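Right, one structure below, let's go through it.
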Amino acid sequence: MKKVIFKENCSFCNKENTIVTTEGSEGKSIKNKCFHCKKMMFLTVPVANDTSNGNAVTNKTKVGSVNQTEKKLSLLVLASENNKEQHFEISQPFLTIGRKNNTTIQPDIAIETEDTMMSRAHALIKRNDKNNTFSIQDNGSLNHTFINEEKLKTFEDKSRNEIIVLQNNDKIRLGRTIIQVTIL
Ligand SMILES: [Zn+2]
C-alpha cells in the first residue's frame with residue numbers, strides 16, 4: 001500500500017513528528033497524537049508535487065518514500081523523566097536493542113537512559129527481506145519485552161522466544177521506556 005510520509009512540528013510543543021498516512025489523503029485534514037507531548041495535533045496532509053521517481057515529495061520538510069522495496073524502521077524513544085529524546089532509523093538485517101552502558105556488551109541500538117529495568121541486550125530486531133517486515137523478540141531480558149503492553153512469550157531456550165512482526169504505531173516497552181515504531 002502506498003503511503004505518504006511527512007514531518008510536521010507539533011503545534012503545542014513544537015517538536016517534530018513523522019506522520020505516516022495513506023495515499024489519497026493529500027490535502028485532507030487529519031488528526032495525529034503528538035509523539036512527544038501526546039496532545040492531538042490537527043494538520044493538513046501536504047500535497048505531493050513530484051512523484052516522478054516514485055517518491056512522494058511533499059511541500060514540507062521531509063521527503064517520504066512510497067513503494068520502496070527496502071523499508072526502514074524508525075524507532076522514537078519517547079522521552080520520560082530520565083531519558084532524553086532519541087531517534088533511530090534502521091535498515092540493517094539484525095540488531096540488538098538495549099541500554100547504553102560502559103561495558104563491552106553494547107547493543108547495536110544503544111538507548112541512553114537511567115532506566116536500569118532495561119537490559120543491555122534486551123531484545124532482538126530482525127529484518128525479513130521476503131515480506132519487507134521487521135520483527136522483534138525478547139533476548140532473555142530480566143524484565144521482558146512488551147508490545148502495546150502485551151508481554152512477548154519467552155522460554156528457557158531463548159531461540160524459541162516469541163517473534164512479533166512490528167506494525168506501524170506499535171509501542172515497544174523495554175523496562176520503563178517506551179519506543180514508538182514507524183515503518184518508513
Ligand atoms: Zn507535541
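Ligands are numbered from 1 in the order shown, residues from 1 within each chain, and chains are lettered A, B, ... in the order they appear in the C-alpha cells.
Neighbours of ligand 1 at a cut-off of 7 Å, computed so that only C-alpha atoms and all ligand atoms are counted, are the residues A:Cys10, A:Ser11, A:Phe12, A:Cys13, A:Asn14, A:Lys15, A:Cys34, A:Phe35, A:His36, A:Cys37, A:Lys38, A:Lys39.
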Please produce a file of the residues just selected, as a PDB file, in the first residue's frame, where the atoms kept are N, CA, C and O atoms.
```pdb
ATOM      1  N   CYS A  10       4.814  19.803  16.002  1.00  0.00           N
ATOM      2  CA  CYS A  10       3.618  19.848  16.839  1.00  0.00           C
ATOM      3  C   CYS A  10       3.261  21.304  17.154  1.00  0.00           C
ATOM      4  O   CYS A  10       4.129  22.114  17.457  1.00  0.00           O
ATOM      5  N   SER A  11       1.966  21.603  17.091  1.00  0.00           N
ATOM      6  CA  SER A  11       1.546  22.985  17.348  1.00  0.00           C
ATOM      7  C   SER A  11       1.564  23.308  18.845  1.00  0.00           C
ATOM      8  O   SER A  11       1.447  24.458  19.230  1.00  0.00           O
ATOM      9  N   PHE A  12       1.698  22.280  19.683  1.00  0.00           N
ATOM     10  CA  PHE A  12       1.745  22.525  21.136  1.00  0.00           C
ATOM     11  C   PHE A  12       3.195  22.609  21.629  1.00  0.00           C
ATOM     12  O   PHE A  12       3.586  23.594  22.238  1.00  0.00           O
ATOM     13  N   CYS A  13       3.975  21.563  21.353  1.00  0.00           N
ATOM     14  CA  CYS A  13       5.335  21.526  21.913  1.00  0.00           C
ATOM     15  C   CYS A  13       6.394  21.866  20.860  1.00  0.00           C
ATOM     16  O   CYS A  13       7.574  21.961  21.178  1.00  0.00           O
ATOM     17  N   ASN A  14       5.972  22.001  19.614  1.00  0.00           N
ATOM     18  CA  ASN A  14       6.847  22.393  18.513  1.00  0.00           C
ATOM     19  C   ASN A  14       7.912  21.360  18.173  1.00  0.00           C
ATOM     20  O   ASN A  14       8.854  21.642  17.453  1.00  0.00           O
ATOM     21  N   LYS A  15       7.763  20.141  18.691  1.00  0.00           N
ATOM     22  CA  LYS A  15       8.736  19.101  18.343  1.00  0.00           C
ATOM     23  C   LYS A  15       8.294  18.395  17.070  1.00  0.00           C
ATOM     24  O   LYS A  15       7.111  18.333  16.758  1.00  0.00           O
ATOM     25  N   CYS A  34       0.560  13.716  19.095  1.00  0.00           N
ATOM     26  CA  CYS A  34       1.983  14.076  19.131  1.00  0.00           C
ATOM     27  C   CYS A  34       2.767  13.014  19.903  1.00  0.00           C
ATOM     28  O   CYS A  34       2.381  12.624  20.992  1.00  0.00           O
ATOM     29  N   PHE A  35       3.883  12.530  19.280  1.00  0.00           N
ATOM     30  CA  PHE A  35       4.733  11.528  19.929  1.00  0.00           C
ATOM     31  C   PHE A  35       5.312  12.063  21.230  1.00  0.00           C
ATOM     32  O   PHE A  35       5.657  11.319  22.121  1.00  0.00           O
ATOM     33  N   HIS A  36       5.472  13.370  21.296  1.00  0.00           N
ATOM     34  CA  HIS A  36       6.241  13.951  22.403  1.00  0.00           C
ATOM     35  C   HIS A  36       5.333  14.352  23.555  1.00  0.00           C
ATOM     36  O   HIS A  36       5.511  13.890  24.662  1.00  0.00           O
ATOM     37  N   CYS A  37       4.346  15.202  23.270  1.00  0.00           N
ATOM     38  CA  CYS A  37       3.526  15.735  24.362  1.00  0.00           C
ATOM     39  C   CYS A  37       2.168  15.055  24.431  1.00  0.00           C
ATOM     40  O   CYS A  37       1.401  15.331  25.350  1.00  0.00           O
ATOM     41  N   LYS A  38       1.858  14.165  23.465  1.00  0.00           N
ATOM     42  CA  LYS A  38       0.633  13.351  23.462  1.00  0.00           C
ATOM     43  C   LYS A  38      -0.643  14.149  23.194  1.00  0.00           C
ATOM     44  O   LYS A  38      -1.736  13.623  23.326  1.00  0.00           O
ATOM     45  N   LYS A  39      -0.480  15.423  22.854  1.00  0.00           N
ATOM     46  CA  LYS A  39      -1.683  16.190  22.534  1.00  0.00           C
ATOM     47  C   LYS A  39      -2.093  15.886  21.094  1.00  0.00           C
ATOM     48  O   LYS A  39      -1.272  15.467  20.283  1.00  0.00           O
TER      49      LYS A  39
END
```
Practice item. List the neighbours of Lys151 of chain A out to 10 Å using only C-alpha atoms; skip same-chain residues closer than 5 positions along the sequence, and give me the result as a count of residues only. Key: 8
Review point. So which one's closest to Leu73 of chain A, A:His122, A:Arg176, A:Lys3, A:His87? Using only C-alpha atoms, please.
Key: A:His87
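Near Lys31 of chain A, within 7 Å and counting only C-alpha atoms, sit Met40, Met41, Phe42 and Leu43 of chain A, not including residues fewer than 4 positions from it in the same chain.
Residues surrounding Ala123 of chain A within 6 Å are Thr96, Ile97, Gln137, Asp138 and Asn139 of chain A [only C-alpha atoms; sequence separation below 3 positions excluded].
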Selection file, N, CA and C atoms, as an mmCIF file, in the first residue's frame:
```
data_model
loop_
_atom_site.group_PDB
_atom_site.id
_atom_site.type_symbol
_atom_site.label_atom_id
_atom_site.label_comp_id
_atom_site.auth_asym_id
_atom_site.auth_seq_id
_atom_site.Cartn_x
_atom_site.Cartn_y
_atom_site.Cartn_z
ATOM 1 N N THR A 96 20.653 -5.806 17.991
ATOM 2 C CA THR A 96 20.227 -5.877 19.388
ATOM 3 C C THR A 96 19.825 -4.475 19.822
ATOM 4 N N ILE A 97 18.879 -4.414 20.735
ATOM 5 C CA ILE A 97 18.452 -3.112 21.272
ATOM 6 C C ILE A 97 18.470 -3.199 22.788
ATOM 7 N N GLN A 137 11.909 -9.742 19.170
ATOM 8 C CA GLN A 137 11.923 -10.923 20.027
ATOM 9 C C GLN A 137 12.667 -10.543 21.305
ATOM 10 N N ASP A 138 12.165 -10.989 22.431
ATOM 11 C CA ASP A 138 12.905 -10.737 23.666
ATOM 12 C C ASP A 138 14.202 -11.548 23.635
ATOM 13 N N ASN A 139 15.237 -11.011 24.253
ATOM 14 C CA ASN A 139 16.546 -11.669 24.223
ATOM 15 C C ASN A 139 16.926 -12.212 25.598
#
```
Point to revise | All residues 12 Å or closer to Arg127 of chain A, only C-alpha atoms, same chain fewer than 4 positions away omitted, as number ranges by chain | key: A: 70-73, 90-96, 131-137, 163-166, 183
Practice item. List the neighbours of segment 108-111 of chain A out to 10 Å using only C-alpha atoms; skip same-chain residues closer than 2 positions along the sequence, and give me the result as number ranges by chain. Key: A: 75, 77, 83-90, 94-101, 105-106, 113-115, 118, 120-121, 123-125, 177
Point to revise | Counting only C-alpha atoms, the option among A:Ser74, A:Asn9, A:Asn148, A:Asn168 closest to Thr21 of chain A | key: A:Asn168
Review point. Contacts of Ile19 of chain A at 9 Å or less, counting only C-alpha atoms, minus same-chain residues fewer than 5 places along, as a PyMOL selection string?
Key: chain A and resi 4-8+32+45+182
Selection from above, all heavy atoms, as a PDB file, in the first residue's frame, can you write it?
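Here's the written file out.pdb:
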```pdb
ATOM      1  N   VAL A   4       1.992   8.108   2.408  1.00  0.00           N
ATOM      2  CA  VAL A   4       2.546   9.456   2.362  1.00  0.00           C
ATOM      3  C   VAL A   4       3.195   9.711   3.721  1.00  0.00           C
ATOM      4  O   VAL A   4       2.579   9.490   4.750  1.00  0.00           O
ATOM      5  CB  VAL A   4       1.440  10.507   2.114  1.00  0.00           C
ATOM      6  CG1 VAL A   4       2.014  11.909   2.130  1.00  0.00           C
ATOM      7  CG2 VAL A   4       0.733  10.233   0.805  1.00  0.00           C
ATOM      8  N   ILE A   5       4.446  10.102   3.666  1.00  0.00           N
ATOM      9  CA  ILE A   5       5.184  10.338   4.904  1.00  0.00           C
ATOM     10  C   ILE A   5       5.685  11.776   4.897  1.00  0.00           C
ATOM     11  O   ILE A   5       6.238  12.221   3.898  1.00  0.00           O
ATOM     12  CB  ILE A   5       6.369   9.370   5.014  1.00  0.00           C
ATOM     13  CG1 ILE A   5       5.867   7.922   4.984  1.00  0.00           C
ATOM     14  CG2 ILE A   5       7.166   9.617   6.294  1.00  0.00           C
ATOM     15  CD1 ILE A   5       6.919   6.934   4.608  1.00  0.00           C
ATOM     16  N   PHE A   6       5.460  12.461   5.966  1.00  0.00           N
ATOM     17  CA  PHE A   6       5.986  13.819   6.038  1.00  0.00           C
ATOM     18  C   PHE A   6       6.261  14.178   7.489  1.00  0.00           C
ATOM     19  O   PHE A   6       5.881  13.458   8.401  1.00  0.00           O
ATOM     20  CB  PHE A   6       5.012  14.824   5.401  1.00  0.00           C
ATOM     21  CG  PHE A   6       3.664  14.891   6.057  1.00  0.00           C
ATOM     22  CD1 PHE A   6       3.350  15.909   6.947  1.00  0.00           C
ATOM     23  CD2 PHE A   6       2.697  13.934   5.789  1.00  0.00           C
ATOM     24  CE1 PHE A   6       2.108  15.980   7.556  1.00  0.00           C
ATOM     25  CE2 PHE A   6       1.447  13.992   6.395  1.00  0.00           C
ATOM     26  CZ  PHE A   6       1.152  15.017   7.270  1.00  0.00           C
ATOM     27  N   LYS A   7       6.976  15.270   7.650  1.00  0.00           N
ATOM     28  CA  LYS A   7       7.289  15.706   9.012  1.00  0.00           C
ATOM     29  C   LYS A   7       6.571  17.007   9.298  1.00  0.00           C
ATOM     30  O   LYS A   7       6.435  17.849   8.428  1.00  0.00           O
ATOM     31  CB  LYS A   7       8.792  15.867   9.178  1.00  0.00           C
ATOM     32  CG  LYS A   7       9.463  14.512   9.074  1.00  0.00           C
ATOM     33  CD  LYS A   7      10.772  14.421   9.794  1.00  0.00           C
ATOM     34  CE  LYS A   7      11.210  12.957   9.802  1.00  0.00           C
ATOM     35  NZ  LYS A   7      12.505  12.768  10.422  1.00  0.00           N
ATOM     36  N   GLU A   8       6.111  17.111  10.509  1.00  0.00           N
ATOM     37  CA  GLU A   8       5.381  18.306  10.901  1.00  0.00           C
ATOM     38  C   GLU A   8       5.690  18.584  12.372  1.00  0.00           C
ATOM     39  O   GLU A   8       5.744  17.664  13.174  1.00  0.00           O
ATOM     40  CB  GLU A   8       3.873  18.047  10.715  1.00  0.00           C
ATOM     41  CG  GLU A   8       3.013  19.192  11.142  1.00  0.00           C
ATOM     42  CD  GLU A   8       2.292  19.863   9.974  1.00  0.00           C
ATOM     43  OE1 GLU A   8       2.493  19.470   8.818  1.00  0.00           O
ATOM     44  OE2 GLU A   8       1.533  20.802  10.252  1.00  0.00           O
ATOM     45  N   ASN A  32      -3.473  13.616  14.552  1.00  0.00           N
ATOM     46  CA  ASN A  32      -2.312  12.815  14.904  1.00  0.00           C
ATOM     47  C   ASN A  32      -1.899  13.157  16.327  1.00  0.00           C
ATOM     48  O   ASN A  32      -1.708  14.309  16.662  1.00  0.00           O
ATOM     49  CB  ASN A  32      -1.162  13.134  13.940  1.00  0.00           C
ATOM     50  CG  ASN A  32       0.060  12.289  14.232  1.00  0.00           C
ATOM     51  OD1 ASN A  32       0.105  11.109  13.901  1.00  0.00           O
ATOM     52  ND2 ASN A  32       1.045  12.882  14.874  1.00  0.00           N
ATOM     53  N   VAL A  45      -2.583  17.137   5.389  1.00  0.00           N
ATOM     54  CA  VAL A  45      -1.585  16.317   4.688  1.00  0.00           C
ATOM     55  C   VAL A  45      -1.093  17.101   3.475  1.00  0.00           C
ATOM     56  O   VAL A  45      -1.898  17.573   2.672  1.00  0.00           O
ATOM     57  CB  VAL A  45      -2.203  14.972   4.246  1.00  0.00           C
ATOM     58  CG1 VAL A  45      -1.176  14.115   3.515  1.00  0.00           C
ATOM     59  CG2 VAL A  45      -2.775  14.229   5.448  1.00  0.00           C
ATOM     60  N   THR A 182       7.651   3.390  13.761  1.00  0.00           N
ATOM     61  CA  THR A 182       7.090   3.845  12.486  1.00  0.00           C
ATOM     62  C   THR A 182       7.811   3.082  11.379  1.00  0.00           C
ATOM     63  O   THR A 182       9.029   2.981  11.396  1.00  0.00           O
ATOM     64  CB  THR A 182       7.309   5.365  12.285  1.00  0.00           C
ATOM     65  OG1 THR A 182       6.802   6.061  13.435  1.00  0.00           O
ATOM     66  CG2 THR A 182       6.601   5.868  11.048  1.00  0.00           C
TER      67      THR A 182
END
```
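Among the candidate residues A:Leu78, A:Thr103, A:Leu142, A:Asn128, the one lying nearest to Ile178 of chain A is A:Leu78, with distances computed using only C-alpha atoms.
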Exercise for review: Could you jot down the atom CA of Thr104 of chain A to atom CA of Lys126 of chain A separation for me, Å, one decimal place?
Suggested key: 21.8 Å
Exercise for review: Check the DSSP output for the backbone and give back, as a PyMOL selection string, the residues of segment 10-168 of chain A in strand (DSSP E).
Suggested key: chain A and resi 16-22+29-33+40-44+73-77+86-90+94-99+109-111+123-128+133-138+145-147+150-151+163-165
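Here atom CA of Asn102 of chain A stands at a distance of 12.9 Å from atom CA of Ser119 of chain A.
Going from atom CA of Glu150 of chain A to atom CA of Leu76 of chain A covers 19.0 Å.
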